[in-house]
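Heads up, work21.cif below (mmCIF, C-alpha atoms):
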data_work
#
loop_
_atom_site.label_atom_id
_atom_site.label_comp_id
_atom_site.auth_asym_id
_atom_site.auth_seq_id
_atom_site.Cartn_x
_atom_site.Cartn_y
_atom_site.Cartn_z
CA MET A 25 85.03 78.97 111.53
CA LYS A 26 88.22 80.74 110.50
CA HIS A 27 91.38 78.85 109.77
CA ILE A 28 94.03 80.66 111.83
CA LEU A 29 97.64 80.66 110.68
CA ASN A 30 100.09 79.40 113.25
CA ALA A 31 103.27 81.32 114.03
CA THR A 32 105.34 79.33 111.51
CA ALA A 33 102.89 79.97 108.69
CA VAL A 34 102.75 83.68 109.46
CA MET A 35 106.51 83.83 109.30
CA THR A 36 106.39 82.54 105.71
CA ILE A 37 104.47 85.68 104.83
CA VAL A 38 106.53 88.21 106.76
CA THR A 39 110.21 87.58 107.36
CA LEU A 40 112.73 90.34 107.76
CA ALA A 41 116.43 91.07 107.79
CA VAL A 42 116.44 94.58 109.18
CA PRO A 43 118.43 95.66 112.25
CA GLY A 44 116.75 95.29 115.61
CA SER A 45 116.98 99.01 116.30
CA LEU A 46 113.55 99.60 114.75
CA HIS A 47 110.91 99.74 117.46
CA ALA A 48 107.19 99.16 117.44
CA GLN A 49 105.06 102.21 116.74
CA THR A 50 102.26 103.41 118.93
CA PRO A 51 99.14 103.05 116.73
CA GLY A 52 98.03 106.26 115.05
CA THR A 53 101.38 108.05 115.29
CA ARG A 54 103.86 109.10 112.63
CA SER A 55 107.51 108.17 113.01
CA ARG A 56 110.69 109.60 111.52
CA PRO A 57 111.71 108.39 108.03
CA VAL A 58 113.61 105.12 107.96
CA ALA A 59 117.18 105.08 106.70
CA PRO A 60 117.83 103.31 103.37
CA GLU A 61 120.07 100.68 104.97
CA SER A 62 117.31 99.67 107.40
CA GLY A 63 114.30 100.50 105.26
CA PRO A 64 112.43 99.07 102.26
CA LEU A 65 115.45 97.58 100.48
CA ALA A 66 116.45 95.68 103.64
CA MET A 67 112.93 94.39 104.34
CA ASP A 68 111.77 91.13 102.84
CA VAL A 69 108.38 89.64 102.08
CA ALA A 70 108.40 85.84 102.23
CA GLY A 71 112.19 86.02 102.00
CA VAL A 72 112.19 88.20 98.88
CA ARG A 73 113.63 91.72 98.85
CA LEU A 74 113.26 94.54 96.36
CA GLY A 75 116.22 94.56 93.97
CA MET A 76 117.02 90.89 94.66
CA PRO A 77 118.24 88.92 91.61
CA VAL A 78 115.53 86.67 90.24
CA ALA A 79 117.51 83.48 90.89
CA GLN A 80 117.86 84.40 94.57
CA ALA A 81 114.14 85.18 94.80
CA GLN A 82 113.28 81.79 93.30
CA ALA A 83 115.65 80.08 95.74
CA ALA A 84 114.09 81.93 98.69
CA LEU A 85 110.61 80.73 97.70
CA ALA A 86 111.57 77.17 96.83
CA GLY A 87 110.07 74.57 99.15
CA THR A 88 107.56 77.00 100.66
CA TYR A 89 105.76 78.71 97.79
CA ARG A 90 104.53 76.98 94.64
CA CYS A 91 105.24 79.21 91.64
CA GLU A 92 103.70 78.92 88.21
CA ARG A 93 105.84 78.91 85.09
CA PRO A 94 107.16 82.49 84.92
CA SER A 95 106.00 84.81 82.16
CA ARG A 96 108.77 86.10 79.93
CA THR A 97 109.92 89.47 78.67
CA ARG A 98 112.87 90.94 76.82
CA SER A 99 116.17 90.82 78.67
CA PHE A 100 118.30 93.91 79.16
CA GLN A 101 120.45 93.02 76.15
CA GLN A 102 117.37 92.36 74.03
CA LEU A 103 116.00 95.77 75.03
CA VAL A 104 119.30 97.32 73.99
CA ASN A 105 119.24 95.48 70.65
CA VAL A 106 115.68 96.65 69.96
CA GLU A 107 116.65 100.24 70.77
CA VAL A 108 119.67 100.02 68.46
CA GLU A 109 117.42 98.71 65.69
CA ARG A 110 114.94 101.51 66.27
CA ARG A 111 117.69 104.14 66.09
CA ARG A 112 118.80 102.68 62.79
CA GLY A 113 115.33 103.01 61.34
CA GLY A 114 114.06 99.49 61.94
CA SER A 115 110.90 98.34 63.67
CA SER A 116 110.84 97.60 67.39
CA PHE A 117 107.28 96.24 67.38
CA PHE A 118 108.30 92.71 66.44
CA GLY A 119 111.24 91.36 68.34
CA PRO A 120 112.73 88.16 69.68
CA GLU A 121 110.91 86.03 72.21
CA GLY A 122 111.56 87.24 75.72
CA ALA A 123 114.62 85.66 77.29
CA ALA A 124 114.11 87.04 80.80
CA VAL A 125 111.57 86.53 83.60
CA HIS A 126 108.83 89.15 83.71
CA GLU A 127 106.62 87.87 86.55
CA LEU A 128 106.45 85.10 89.12
CA ALA A 129 103.00 84.14 90.41
CA CYS A 130 103.20 82.00 93.54
CA THR A 131 100.89 80.44 96.11
CA GLY A 132 101.93 79.99 99.72
CA PRO A 133 101.18 77.11 102.11
CA SER A 134 98.25 78.88 103.72
CA GLY A 135 96.63 80.32 100.61
CA GLU A 136 98.64 83.52 100.37
CA TYR A 137 99.09 84.76 96.79
CA LEU A 138 102.40 86.38 95.85
CA ARG A 139 103.22 88.16 92.60
CA LEU A 140 106.74 89.38 91.84
CA PHE A 141 107.34 91.71 88.91
CA MET A 142 110.86 92.00 87.54
CA ALA A 143 113.05 94.74 86.12
CA GLN A 144 115.82 94.31 83.56
CA THR A 145 119.06 95.97 84.62
CA PRO A 146 122.64 95.92 83.27
CA THR A 147 123.53 93.33 85.93
CA GLY A 148 120.51 91.11 85.21
CA THR A 149 116.88 90.55 86.20
CA VAL A 150 115.89 91.83 89.65
CA VAL A 151 112.69 92.12 91.69
CA ASP A 152 111.05 95.46 90.89
CA SER A 153 107.77 95.12 92.80
CA ILE A 154 106.07 92.77 95.27
CA ASP A 155 102.36 92.12 95.75
CA LEU A 156 101.35 89.67 98.49
CA ALA A 157 97.72 89.11 99.48
CA ILE A 158 95.92 86.78 101.86
CA GLY A 159 92.23 86.59 102.69
CA THR A 160 91.34 87.31 106.30
CA GLU A 161 89.29 84.11 106.45
CA ARG A 162 92.63 82.25 106.55
CA VAL A 163 94.43 84.37 109.13
CA ASP A 164 93.95 86.16 112.41
CA PRO A 165 94.38 89.77 111.18
CA LYS A 166 95.34 91.11 114.60
CA GLU A 167 98.07 88.54 115.00
CA LEU A 168 99.42 89.24 111.53
CA VAL A 169 99.53 92.98 112.27
CA ARG A 170 101.48 92.23 115.45
CA GLN A 171 103.91 90.10 113.41
CA VAL A 172 104.35 92.90 110.87
CA GLU A 173 104.99 95.46 113.60
CA ARG A 174 107.56 93.26 115.35
CA LYS A 175 109.39 92.37 112.14
CA TYR A 176 109.20 95.63 110.19
CA GLY A 177 109.27 98.09 113.06
CA ARG A 178 107.28 101.28 113.02
CA PRO A 179 106.23 102.61 109.61
CA THR A 180 107.22 105.98 108.23
CA GLU A 181 103.54 106.87 108.01
CA GLY A 182 100.40 105.23 109.33
CA THR A 183 100.22 102.04 111.39
CA ALA A 184 101.36 98.45 110.92
CA ALA A 185 97.82 97.64 109.71
CA ASN A 186 97.67 100.47 107.15
CA GLY A 187 100.96 102.24 106.65
CA SER A 188 104.15 102.58 104.66
CA TRP A 189 107.91 102.30 105.12
CA CYS A 190 109.61 104.84 102.86
CA VAL A 191 112.95 106.53 102.25
CA GLY A 192 112.09 110.06 103.23
CA ARG A 193 108.47 111.13 103.36
CA CYS A 194 105.93 108.83 101.69
CA GLY A 195 104.14 110.11 98.61
CA PHE A 196 100.44 109.67 97.94
CA ASP A 197 100.77 107.13 95.11
CA LEU A 198 102.76 103.92 95.62
CA THR A 199 103.35 103.49 91.88
CA MET A 200 104.77 107.03 91.54
CA GLU A 201 106.92 106.96 94.68
CA PRO A 202 110.45 107.97 93.58
CA SER A 203 112.27 105.83 96.15
CA PRO A 204 111.81 102.26 97.46
CA ARG A 205 108.68 101.66 99.53
CA ILE A 206 106.88 98.89 101.41
CA THR A 207 103.16 99.39 102.11
CA VAL A 208 100.67 97.37 104.17
CA ARG A 209 96.95 97.60 103.45
CA SER A 210 94.29 95.66 105.35
CA ASP A 211 90.54 95.59 105.64
CA ALA A 212 87.86 93.11 106.69
CA TRP A 213 88.48 90.86 103.68
CA ARG A 214 92.16 91.01 102.77
CA PHE A 215 95.65 91.71 104.05
CA LYS A 216 98.20 92.99 101.52
CA ILE A 217 101.90 93.83 101.54
CA LEU A 218 103.10 95.82 98.54
CA GLY A 219 106.64 96.79 97.62
CA SER A 220 108.24 98.86 94.87
CA ARG A 221 111.82 99.85 93.98
CA GLY A 222 110.40 103.23 93.01
CA ARG A 223 110.12 105.41 89.92
CA ASN A 224 113.75 106.56 90.07
CA ALA A 225 114.98 102.97 89.72
CA ARG A 226 112.77 102.37 86.69
CA LEU A 227 113.95 105.61 85.07
CA ALA A 228 117.54 104.51 85.71
CA ASP A 229 116.79 101.18 83.98
CA GLU A 230 115.50 103.02 80.92
CA ALA A 231 118.50 105.34 80.93
CA ALA A 232 120.86 102.36 81.10
CA VAL A 233 119.23 100.84 78.00
CA ALA A 234 119.56 104.14 76.12
CA ALA A 235 123.19 104.55 77.18
CA ALA A 236 124.09 101.03 76.08
CA ALA A 237 122.32 101.48 72.73
CA ALA A 238 124.07 104.80 72.15
CA ARG A 239 127.44 103.06 72.09
CA ASP A 240 126.39 101.16 68.96
CA ALA A 241 123.98 103.68 67.47
CA PRO A 242 124.68 107.23 68.64
CA ALA A 243 121.74 109.61 68.32
CA ALA A 244 121.90 111.51 64.99
CA LYS A 245 122.76 115.17 65.24
CA ARG A 246 119.87 117.33 64.08
CA GLY A 247 119.67 120.95 63.08
CA ALA A 248 117.42 123.50 64.69
CA PHE A 249 114.74 122.87 62.10
#

Do you think you could lay out the structure here as structure tokens?
Amino acid sequence: MKHILNATAVMTIVTLAVPGSLHAQTPGTRSRPVAPESGPLAMDVAGVRLGMPVAQAQAALAGTYRCERPSRTRSFQQLVNVEVERRRGGSSFFGPEGAAVHELACTGPSGEYLRLFMAQTPTGTVVDSIDLAIGTERVDPKELVRQVERKYGRPTEGTAANGSWCVGRCGFDLTMEPSPRITVRSDAWRFKILGSRGRNARLADEAAVAAAAARDAPAAKRGAF
């Protein structure tokens, strides 16, 4: 017999802070693109939004989700220091122990599994991508789809059971999407909500590291040969 999530438990999976002007979609139809201010960056999964500072994400999960000790990675300043060293002819393979959070792996009260991957930006560590999954043996899939549709509104493409909320038209590959995106995927075994800040944000992070390093170690001028 399936264990069915009650309304409170479902709300720990899908909570949202978007304006109420988004309406439910008729299944099987395609809606207009969502605006950035009411789209993926305004939507939250278990209280966590894309681009949210890591400390705020941890606070949002506290008391509801149990998170393992976070894995570490180089902070923005450490990345800059490594790049400066590389430009000066040093090795970037060995570096200092990571001072920033790389990933949070958390378990929810009803067995949902949440992974948050971080990005290092000039202003600090922020949520870069979200991956939430729950087995359908622990939830009524139809009820969860209804919750998603009521909270997220109609998707840019697809349906609330299998669709995406994008800025502009959705691309084929979530990982290569240039702009922020939230995607729902469901089948007979699992329900997933995926989120990404997008490729453009990650390229901007890399450019910020290079720009900061260039202030201490400008790129050497080279001749045509």

Can you list, as a PyMOL selection string, the residues that the PyMOL selection byres ((chain A and resi 187) around 10) selects here?
chain A and resi 52+54+178-186+188-190+194+206-210+217

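If you measure from each of A:Ile158, A:Val191, A:Leu85, A:Ala124 to A:Met142 using all atoms listed in the file, the closest one turns out to be A:Ala124.
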
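Within 7 Å of stretch 220-236 of chain A there are Leu74, Gly75, Leu103, Val104, Gln144, Thr145, Asp152, Ser153, Ile154, Met200, Glu201, Pro202, Ser203, Pro204, Arg205, Ile206 and Arg239 of chain A, counting only C-alpha atoms and ignoring same-chain residues fewer than 3 positions away.
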
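Each of A:Val150, A:Ala157, A:Val72, A:Ala241 was compared to A:Trp213 using all atoms listed in the file, and A:Ala157 turns out to be the nearest.
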
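One finds atom CA of A:Ala79 at 26.8 Å from atom CA of A:Phe215.
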
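Within 8 Å of stretch 88-101 of chain A, once only C-alpha atoms are used and residues closer than 5 positions along the same chain are dropped, the contacting residues are Thr36, Pro120, Glu121, Gly122, Ala123, Ala124, Val125, His126, Glu127, Leu128, Ala129, Cys130, Thr131, Gly132, Pro133, Gln144, Thr145, Pro146, Gly148, Thr149 and Val233 of chain A.
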
Using the chain letters and numbers from the file, which residues does the PyMOL selection byres ((chain A and resi 166) around 12) grab, as a short mmCIF file (atom, residue, chain, number, x, y, z; two decimals) with C-alpha atoms, keeping the file's coordinate frame?
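Okay, this is what ended up in expr20.cif:
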data_model
loop_
_atom_site.label_atom_id
_atom_site.label_comp_id
_atom_site.auth_asym_id
_atom_site.auth_seq_id
_atom_site.Cartn_x
_atom_site.Cartn_y
_atom_site.Cartn_z
CA ILE A 28 94.03 80.66 111.83
CA LEU A 29 97.64 80.66 110.68
CA VAL A 34 102.75 83.68 109.46
CA THR A 160 91.34 87.31 106.30
CA VAL A 163 94.43 84.37 109.13
CA ASP A 164 93.95 86.16 112.41
CA PRO A 165 94.38 89.77 111.18
CA GLU A 167 98.07 88.54 115.00
CA LEU A 168 99.42 89.24 111.53
CA VAL A 169 99.53 92.98 112.27
CA ARG A 170 101.48 92.23 115.45
CA GLN A 171 103.91 90.10 113.41
CA VAL A 172 104.35 92.90 110.87
CA GLU A 173 104.99 95.46 113.60
CA ALA A 184 101.36 98.45 110.92
CA ALA A 185 97.82 97.64 109.71
CA SER A 210 94.29 95.66 105.35
CA ASP A 211 90.54 95.59 105.64
CA ALA A 212 87.86 93.11 106.69
CA PHE A 215 95.65 91.71 104.05
#
